[in-house]
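Below is the file upload18.txt, which contains compact mmCIF, C-alpha atoms.
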# COMPACT_ATOMS: atom_id res chain seq x y z
CA MET B 57 -3.36 98.74 -24.37
CA GLU B 58 -1.80 97.07 -27.27
CA ILE B 59 -3.29 94.04 -28.92
CA GLN B 60 -0.36 91.80 -27.98
CA VAL B 61 -0.83 92.51 -24.27
CA ALA B 62 -4.51 91.74 -24.52
CA ILE B 63 -3.78 88.41 -26.24
CA ILE B 64 -1.18 87.55 -23.60
CA ILE B 65 -3.63 88.28 -20.81
CA LEU B 66 -6.24 86.18 -22.59
CA LEU B 67 -3.81 83.27 -23.04
CA ILE B 68 -2.80 83.39 -19.38
CA ALA B 69 -6.44 83.33 -18.39
CA VAL B 70 -6.98 80.31 -20.64
CA ILE B 71 -4.02 78.56 -19.04
CA VAL B 72 -5.31 79.21 -15.55
CA ALA B 73 -8.81 78.05 -16.47
CA GLU B 74 -7.41 74.96 -18.16
CA LEU B 75 -5.33 74.10 -15.10
CA ALA B 76 -8.27 74.62 -12.82
CA ILE B 77 -10.68 72.49 -14.83
CA TYR B 78 -8.38 69.54 -15.40
CA LEU B 79 -6.84 69.56 -11.94
CA ILE B 80 -10.24 69.70 -10.26
CA ALA B 81 -11.40 66.76 -12.41
CA THR B 82 -8.23 64.89 -11.52
CA ILE B 83 -8.74 65.57 -7.84
CA LEU B 84 -12.26 64.17 -8.05
CA GLN B 85 -10.91 61.01 -9.65
CA LEU B 86 -8.32 60.75 -6.88
CA PHE B 87 -11.12 60.88 -4.34
CA LYS B 88 -12.81 58.00 -6.13
CA ILE B 89 -9.54 56.10 -6.16
CA ASN B 90 -9.13 56.66 -2.46
CA ALA B 91 -12.61 55.35 -1.76
CA GLY B 92 -12.03 52.31 -3.94
CA LEU B 93 -8.74 51.51 -2.25
CA SER B 94 -10.36 51.77 1.15
CA VAL B 95 -12.67 48.95 0.02
CA VAL B 96 -9.93 46.83 -1.53
CA LEU B 97 -7.39 47.01 1.25
CA PRO B 98 -9.48 45.20 3.91
CA LEU B 99 -10.23 42.44 1.42
CA VAL B 100 -6.54 42.06 0.69
CA GLY B 101 -5.93 41.97 4.43
CA GLN B 102 -8.47 39.14 4.71
CA ILE B 103 -6.66 37.23 2.01
CA VAL B 104 -3.36 37.65 3.78
CA THR B 105 -4.88 36.55 7.08
CA LYS B 106 -6.55 33.50 5.60
CA THR B 107 -3.50 32.35 3.66
CA ASN B 108 -1.18 32.84 6.61
CA PRO B 109 -1.48 29.27 8.03
CA VAL B 110 -1.30 27.57 4.65
CA ASN B 111 2.47 27.27 4.46
CA PRO B 112 3.05 25.39 7.73
CA VAL B 113 0.05 23.14 7.11
CA VAL B 114 1.17 22.26 3.58
CA ASP B 115 4.71 21.72 4.80
CA ASP B 116 3.43 19.32 7.44
CA ILE B 117 1.28 17.47 4.90
CA ASN B 118 4.21 17.20 2.52
CA ALA B 119 6.47 15.94 5.28
CA ASN B 120 3.95 13.23 6.19
CA LEU B 121 3.55 12.22 2.56
CA VAL B 122 7.30 12.06 2.05
CA VAL B 123 7.72 9.87 5.14
CA THR B 124 4.96 7.56 3.89
CA ARG B 125 6.41 7.42 0.40
CA ASP B 126 9.89 6.65 1.70
CA ALA B 127 8.56 3.90 3.94
CA LEU B 128 6.60 2.29 1.11
CA GLU B 129 9.53 2.57 -1.28
CA ASN B 130 11.85 0.96 1.22
CA LEU B 131 9.31 -1.79 1.78
CA MET B 132 9.03 -2.33 -1.95
CA LEU B 133 12.79 -2.45 -2.30
CA LYS B 134 12.96 -4.99 0.48
CA LYS B 135 10.22 -7.21 -0.90
CA ALA B 136 10.46 -6.81 -4.67
CA GLY B 137 14.17 -6.15 -5.05
CA PRO B 138 15.25 -5.12 -8.53
CA ASP B 139 11.68 -5.36 -9.81
CA SER B 140 10.65 -2.41 -7.67
CA ALA B 141 11.28 0.21 -10.33
CA GLY B 142 9.40 -1.90 -12.85
CA LEU B 143 6.44 -2.17 -10.52
CA VAL B 144 6.42 1.58 -9.98
CA GLU B 145 6.74 2.11 -13.71
CA SER B 146 3.80 -0.19 -14.41
CA LEU B 147 1.58 1.74 -12.01
CA PHE B 148 2.84 5.26 -12.70
CA PRO B 149 4.43 5.54 -16.14
CA GLY B 150 7.54 7.65 -16.06
CA GLU B 151 8.03 7.35 -12.31
CA GLY B 152 10.30 4.30 -12.38
CA ALA B 153 13.42 6.27 -13.25
CA LYS B 154 12.62 8.87 -10.61
CA PHE B 155 12.14 6.07 -8.11
CA LEU B 156 15.57 4.66 -8.92
CA LYS B 157 17.08 8.11 -8.56
CA ARG B 158 15.43 8.65 -5.19
CA VAL B 159 16.68 5.36 -3.80
CA ASN B 160 20.16 5.88 -5.24
CA ARG B 161 19.94 2.90 -7.54
CA SER B 162 20.80 2.66 -11.20
CA GLY B 163 19.80 0.40 -14.04
CA LYS B 164 17.24 -0.04 -16.73
CA VAL B 165 13.61 0.26 -15.75
CA VAL B 166 11.63 -2.69 -17.10
CA ASN B 167 7.92 -2.08 -17.00
CA VAL B 168 6.59 -5.17 -15.27
CA GLY B 169 3.13 -4.58 -16.65
CA THR B 170 4.31 -5.03 -20.23
CA VAL B 171 6.37 -8.14 -19.47
CA TYR B 172 4.07 -10.12 -17.21
CA THR B 173 0.37 -10.67 -17.42
CA ARG B 174 -1.43 -9.08 -14.53
CA GLY B 175 -1.13 -11.34 -11.52
CA VAL B 176 1.59 -13.59 -12.87
CA GLY B 177 4.36 -11.55 -11.32
CA ILE B 178 2.66 -11.68 -7.96
CA LEU B 179 2.10 -15.43 -8.18
CA ALA B 180 5.67 -15.94 -9.26
CA GLY B 181 6.91 -13.83 -6.41
CA LEU B 182 4.81 -15.72 -3.90
CA GLY B 183 5.41 -19.18 -5.31
CA ARG B 184 9.09 -18.87 -6.07
CA GLY B 185 8.83 -22.11 -8.02
CA ALA B 186 6.62 -20.80 -10.76
CA PRO B 187 8.15 -21.08 -14.22
CA ILE B 188 7.88 -17.38 -14.83
CA GLY B 189 10.00 -16.72 -11.80
CA VAL B 190 13.05 -18.16 -13.49
CA ALA B 191 12.70 -16.05 -16.62
CA HIS B 192 15.06 -13.17 -16.91
CA ALA B 193 13.57 -9.74 -16.96
CA LYS B 194 15.62 -8.78 -20.02
CA GLY B 195 14.41 -11.75 -22.01
CA ALA B 196 11.50 -12.00 -24.34
CA ALA B 197 8.09 -11.13 -23.05
CA VAL B 198 6.24 -14.14 -21.68
CA ARG B 199 2.88 -12.47 -21.81
CA ASP B 200 0.37 -14.31 -23.93
CA PRO B 201 -2.46 -11.92 -24.66
CA LYS B 202 -4.69 -14.61 -26.16
CA TYR B 203 -4.44 -17.23 -23.44
CA SER B 204 -3.25 -15.11 -20.59
CA THR B 205 -5.58 -16.58 -17.99
CA SER B 206 -4.71 -20.13 -19.06
CA GLU B 207 -1.05 -19.30 -18.62
CA VAL B 208 -1.76 -18.12 -15.12
CA ALA B 209 -3.69 -21.30 -14.35
CA LYS B 210 -0.82 -23.45 -15.57
CA LEU B 211 1.38 -22.10 -12.83
CA TYR B 212 -0.42 -24.31 -10.31
CA PRO B 213 -2.28 -26.96 -12.35
CA ALA B 214 -3.01 -29.43 -9.53
CA PRO B 215 -1.71 -30.47 -6.13
CA PRO B 216 1.16 -32.98 -6.38
CA ASP B 217 -0.84 -35.76 -4.73
CA ARG B 218 -3.53 -35.63 -7.35
CA ARG B 219 -1.06 -36.04 -10.19
CA ASP B 220 -0.40 -39.61 -9.07
CA PRO B 221 -3.21 -41.79 -10.56
CA THR B 222 -2.40 -44.76 -8.33
CA LYS B 223 -3.55 -42.90 -5.24
CA ASN B 224 -7.09 -42.61 -6.60
CA ILE B 225 -7.87 -39.42 -4.79
CA PRO B 226 -11.51 -38.49 -5.32
CA LYS B 227 -12.38 -35.24 -6.94
CA ALA B 228 -13.50 -32.23 -5.04
CA PRO B 229 -17.04 -32.63 -3.66
CA VAL B 230 -19.85 -31.25 -5.71
CA ILE B 231 -22.09 -29.06 -3.63
CA GLY B 232 -25.61 -29.42 -4.86
CA LYS B 233 -28.92 -31.11 -4.37
CA ASP B 234 -27.73 -34.67 -4.81
CA PRO B 235 -23.96 -34.77 -4.83
CA VAL B 236 -22.48 -37.91 -6.25
CA HIS B 237 -19.40 -37.83 -4.12
CA SER B 238 -20.77 -36.52 -0.87
CA PRO B 239 -18.05 -35.77 1.63
CA TYR B 240 -20.50 -36.09 4.51
CA GLU B 241 -21.35 -39.35 6.23
CA PRO B 242 -24.99 -40.09 6.98
CA VAL B 243 -26.07 -39.52 10.58
CA LEU B 244 -26.56 -42.82 12.37
CA THR B 245 -27.20 -41.53 15.89
CA GLU B 246 -29.10 -38.63 17.23
CA GLY B 247 -26.99 -35.66 18.07
CA THR B 248 -26.83 -34.09 21.48
CA ARG B 249 -27.00 -30.41 22.21
CA PRO B 250 -24.89 -29.59 25.26
CA ARG B 251 -26.13 -25.96 25.37
CA ASP B 252 -29.44 -24.36 24.54
CA ALA B 253 -29.99 -21.33 22.34
CA GLN B 254 -29.12 -18.97 25.21
CA GLY B 255 -25.83 -20.70 25.87
CA ARG B 256 -26.90 -22.36 29.14
CA LYS B 257 -25.78 -25.89 29.79
CA VAL B 258 -28.40 -28.49 29.18
CA GLU B 259 -28.52 -31.51 31.43
CA THR B 260 -28.20 -34.79 29.66
CA PRO B 261 -31.75 -35.86 28.81
CA PRO B 262 -32.83 -39.41 29.66
CA PRO B 263 -32.66 -41.84 26.80
CA ALA B 264 -35.70 -41.64 24.58
CA PRO B 265 -38.19 -44.51 24.90
CA PRO B 266 -38.19 -46.97 22.09
CA ALA B 267 -40.35 -45.93 19.22
CA PRO B 268 -43.69 -47.75 18.87
CA PRO B 269 -43.96 -50.15 16.04
CA ALA B 270 -44.95 -48.51 12.83
CA ALA B 271 -48.51 -48.92 11.59
CA PRO B 272 -48.75 -51.52 8.88
CA GLN B 273 -50.51 -49.14 6.50
CA ALA B 274 -47.87 -46.44 6.94
CA PRO B 275 -45.88 -45.73 3.81
CA SER B 276 -42.34 -46.92 3.76
CA GLY B 277 -40.89 -43.41 3.53
CA ALA B 278 -42.63 -42.11 6.67
CA ALA B 279 -40.76 -41.58 9.89
CA PRO B 280 -41.12 -44.35 12.45
CA GLY B 281 -42.55 -42.07 15.17
CA ALA B 282 -44.93 -40.12 12.92
CA ALA B 283 -48.67 -40.00 13.61
CA PRO B 284 -50.90 -42.13 11.39
CA PRO B 285 -52.03 -40.26 8.31
CA ALA B 286 -55.43 -38.62 8.19
CA PRO B 287 -58.16 -40.52 6.32
CA ALA B 288 -58.30 -39.69 2.67
CA PRO B 289 -61.06 -37.26 1.68
CA PRO B 290 -63.92 -38.48 -0.45
CA GLU B 291 -63.58 -38.38 -4.16
CA ASP B 292 -65.84 -35.36 -4.58
CA GLN B 293 -63.75 -33.31 -2.16
CA LEU B 294 -60.46 -33.94 -3.78
CA GLY B 295 -58.67 -30.76 -4.64
CA ARG B 296 -55.47 -28.90 -4.11
CA LEU B 297 -54.54 -28.83 -0.47
CA SER B 298 -53.08 -25.72 1.00
CA GLY B 299 -51.12 -25.51 4.20
CA LYS B 300 -54.35 -25.13 6.18
CA GLY B 301 -56.37 -27.72 4.35
CA LEU B 302 -58.81 -27.24 1.57
CA ARG B 303 -59.18 -23.80 0.13
CA PRO B 304 -62.44 -21.92 0.93
CA TRP B 305 -63.95 -22.40 -2.47
CA GLU B 306 -63.14 -26.09 -2.32
CA ARG B 307 -64.93 -26.75 1.02
CA MET W 1044 11.59 95.67 -30.92
CA ALA W 1045 9.13 95.58 -28.07
CA ASP W 1046 6.38 94.55 -30.42
CA ALA W 1047 8.37 91.63 -31.68
CA ALA W 1048 9.07 90.46 -28.16
CA LEU W 1049 5.40 90.67 -27.32
CA TRP W 1050 4.45 88.66 -30.39
CA ILE W 1051 6.99 86.02 -29.51
CA MET W 1052 5.53 85.83 -26.03
CA VAL W 1053 2.08 85.45 -27.50
CA ILE W 1054 3.26 82.56 -29.65
CA VAL W 1055 5.01 80.88 -26.72
CA LEU W 1056 1.94 81.19 -24.55
CA ALA W 1057 -0.24 79.74 -27.28
CA VAL W 1058 2.04 76.75 -27.61
CA VAL W 1059 2.08 76.36 -23.82
CA VAL W 1060 -1.70 76.37 -23.75
CA LEU W 1061 -1.87 73.56 -26.32
CA LEU W 1062 0.83 71.46 -24.65
CA LEU W 1063 -0.67 71.96 -21.21
CA MET W 1064 -4.07 70.92 -22.45
CA GLN W 1065 -2.67 67.69 -23.92
CA LEU W 1066 -0.76 66.85 -20.75
CA LEU W 1067 -3.69 67.54 -18.47
CA LYS W 1068 -5.99 65.50 -20.71
CA ARG W 1069 -3.69 62.52 -20.39
CA VAL W 1070 -3.43 62.89 -16.62
CA LEU W 1071 -7.20 63.05 -16.34
CA ALA W 1072 -7.66 60.05 -18.63
CA ALA W 1073 -5.23 58.02 -16.54
CA ALA W 1074 -6.90 59.08 -13.32
CA THR W 1075 -10.31 58.27 -14.74
CA SER W 1076 -9.30 54.74 -15.72
CA ILE W 1077 -8.09 53.85 -12.22
CA PRO W 1078 -11.43 53.62 -10.33
CA ALA W 1079 -12.85 51.06 -12.74
CA LYS W 1080 -9.81 48.88 -12.24
CA ILE W 1081 -10.03 49.28 -8.49
CA ASP W 1082 -13.65 48.18 -8.59
CA ALA W 1083 -12.61 45.11 -10.55
CA ILE W 1084 -9.84 44.38 -8.05
CA ALA W 1085 -12.33 44.73 -5.21
CA GLY W 1086 -14.60 42.16 -6.80
CA VAL W 1087 -11.76 39.73 -7.36
CA ALA W 1088 -10.43 40.25 -3.85
CA ALA W 1089 -13.86 39.61 -2.37
CA ALA W 1090 -14.22 36.41 -4.39
CA ALA W 1091 -10.70 35.30 -3.46
CA SER W 1092 -11.33 35.99 0.19
CA LYS W 1093 -14.52 33.92 0.02
CA ASP W 1094 -12.72 31.09 -1.74
CA LEU W 1095 -10.08 31.08 0.94
CA ASP W 1096 -12.68 30.18 3.52
CA ALA W 1097 -11.92 26.58 2.51
CA VAL W 1098 -8.40 26.94 3.84
CA ALA W 1099 -9.74 26.03 7.26
CA VAL W 1100 -10.56 22.59 5.87
CA LEU W 1101 -6.85 22.19 5.21
CA LEU W 1102 -6.40 21.69 8.92
CA THR W 1103 -8.77 18.73 8.73
CA THR W 1104 -6.82 17.43 5.75
CA GLN W 1105 -3.66 17.75 7.78
CA GLY W 1106 -5.16 15.56 10.49
CA TYR W 1107 -6.35 13.02 7.94
CA ILE W 1108 -2.95 12.85 6.30
CA GLY W 1109 -1.34 12.21 9.66
CA SER W 1110 -3.79 9.42 10.41
CA ILE W 1111 -3.32 7.92 6.96
CA LYS W 1112 0.44 8.03 7.40
CA ASN W 1113 0.18 6.12 10.67
CA SER W 1114 -2.19 3.58 9.12
CA VAL W 1115 0.04 3.07 6.09
CA LEU W 1116 3.09 2.66 8.28
CA ASP W 1117 1.26 0.10 10.41
CA TYR W 1118 0.09 -1.72 7.30
CA GLY W 1119 3.60 -1.62 5.89
CA GLY W 1120 4.90 -3.14 9.10
CA SER W 1121 2.38 -5.93 8.80
CA LEU W 1122 3.36 -6.54 5.18
CA ASN W 1123 6.98 -6.53 6.19
CA ALA W 1124 6.26 -9.30 8.64
CA ALA W 1125 3.91 -11.22 6.36
CA LEU W 1126 5.80 -11.23 3.07
CA PRO W 1127 9.19 -12.79 2.59
CA ASP W 1128 12.09 -10.57 1.63
CA TYR W 1129 13.45 -10.68 -1.88

Let me see the file written as structure tokens.
Amino acid sequence: MEIQVAIIILLIAVIVAELAIYLIATILQLFKINAGLSVVLPLVGQIVTKTNPVNPVVDDINANLVVTRDALENLMLKKAGPDSAGLVESLFPGEGAKFLKRVNRSGKVVNVGTVYTRGVGILAGLGRGAPIGVAHAKGAAVRDPKYSTSEVAKLYPAPPDRRDPTKNIPKAPVIGKDPVHSPYEPVLTEGTRPRDAQGRKVETPPPAPPAPPAAPQAPSGAAPGAAPPAPAPPEDQLGRLSGKGLRPWER
Amino acid sequence: MADAALWIMVIVLAVVVLLLMQLLKRVLAAATSIPAKIDAIAGVAAAASKDLDAVAVLLTTQGYIGSIKNSVLDYGGSLNAALPDY
């Protein structure tokens, strides 16, 4: 046998061995891949099953939100008129133009929050006669950052009746321990209670007998029907009285 | 002449051996890299499947949104009656 034939046989043997080794290793890897995919596929199936109802639910939620948004926008258009976009812009910057586009309106969006002090626009809208209500939205800003609350208070400084000094309307009552201008009249007669604490009707009680004449030694501030005061303790027993009399260490 | 043909065949076979080895190496490398990626995908899929357990709560959210819509519409109707038009 010639040397070339021997080399050829050897090379063919190498090729066959090479094919066998690598292909067997590849087949083993394919088995691993198969096992791995058998684990992954059920998990993917779970994902598909769990995400299946998401689309209709989200569509329903979106539909409800759109209906609510449209209703509120229409309400705002009805109540705030051309200021609606400015109100939306003041709450959600950048949304005023989109709001106008949605409601098929056009015009410049004036951010109400940068023109009016907070609350002034609402008061003006409610009062109609407030001075800020007559200002044009395109005019200069009326917001006074230094005295903003004072500006709000000036919208309704006082009721019209109180502005007339000839009417001499007293000031608002001061609620306290000893109000100077008490709005309540003193009680001159005893009150009657037509129902008791349980809500049952109470028959009209007979008129109370006249009170006995007060003892001459009674203090002037005591009630007319009160019992005569207890005799004063001796000097050596004087001390701080508690609700039940003398304290134990003072007896 | 026959010798030359045999030598050429030897050379061709040697080249085939080298090329075949390279190709098979690449196939094996590619096949070896796949199981690790599948294991990673399995972990991610398991986590995603667990996360999607919260999708059931979306049904509750759907009910809440419907209730909120009705409440807002009722409130809007009240405002419509209470506030003057522009």

Tell me, in Å to one decimal, how far atom CA of B:Gly137 is from atom CA of W:Pro1127.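 Computing the Euclidean distance for atom CA of B:Gly137 and atom CA of W:Pro1127 yields 11.3 Å.
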
With a distance cut-off of 9 Å and all atoms listed in the file, select the neighbouring residues of stretch 1100-1108 of chain W, excluding the residue or stretch itself and same-chain residues fewer than 4 positions from it, and output the selection as JSON, numbers by chain. {"B": [110, 113, 114, 116, 117, 120, 121], "W": [1096, 1112, 1113]}

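By chain and then residue number, the residues within 12 Å of B:Val104 are B:Leu97, B:Pro98, B:Leu99, B:Val100, B:Gly101, B:Gln102, B:Lys106, B:Thr107, B:Asn108, B:Pro109, B:Val110, B:Asn111, W:Ala1088, W:Ala1091, W:Ser1092, W:Leu1095, W:Asp1096, W:Val1098, counting all atoms listed in the file and disregarding those fewer than 2 positions away in sequence.
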
Neighbours of chain W in chain B at 6 Å, counting all atoms listed in the file, as a list in words: Gln60, Ile64, Ile71, Tyr78, Thr82, Gln85, Ile89, Gly92, Val96, Leu99, Ile103, Ile117, Thr124, Lys134, Lys135, Ala136 and Gly137 of chain B

So which residues touch stretch 151-159 of chain B within 7 Å, counting all atoms listed in the file, skipping near sequence neighbours fewer than 5 positions away, as a PyMOL selection string? chain B and resi 141-142+144-145+165
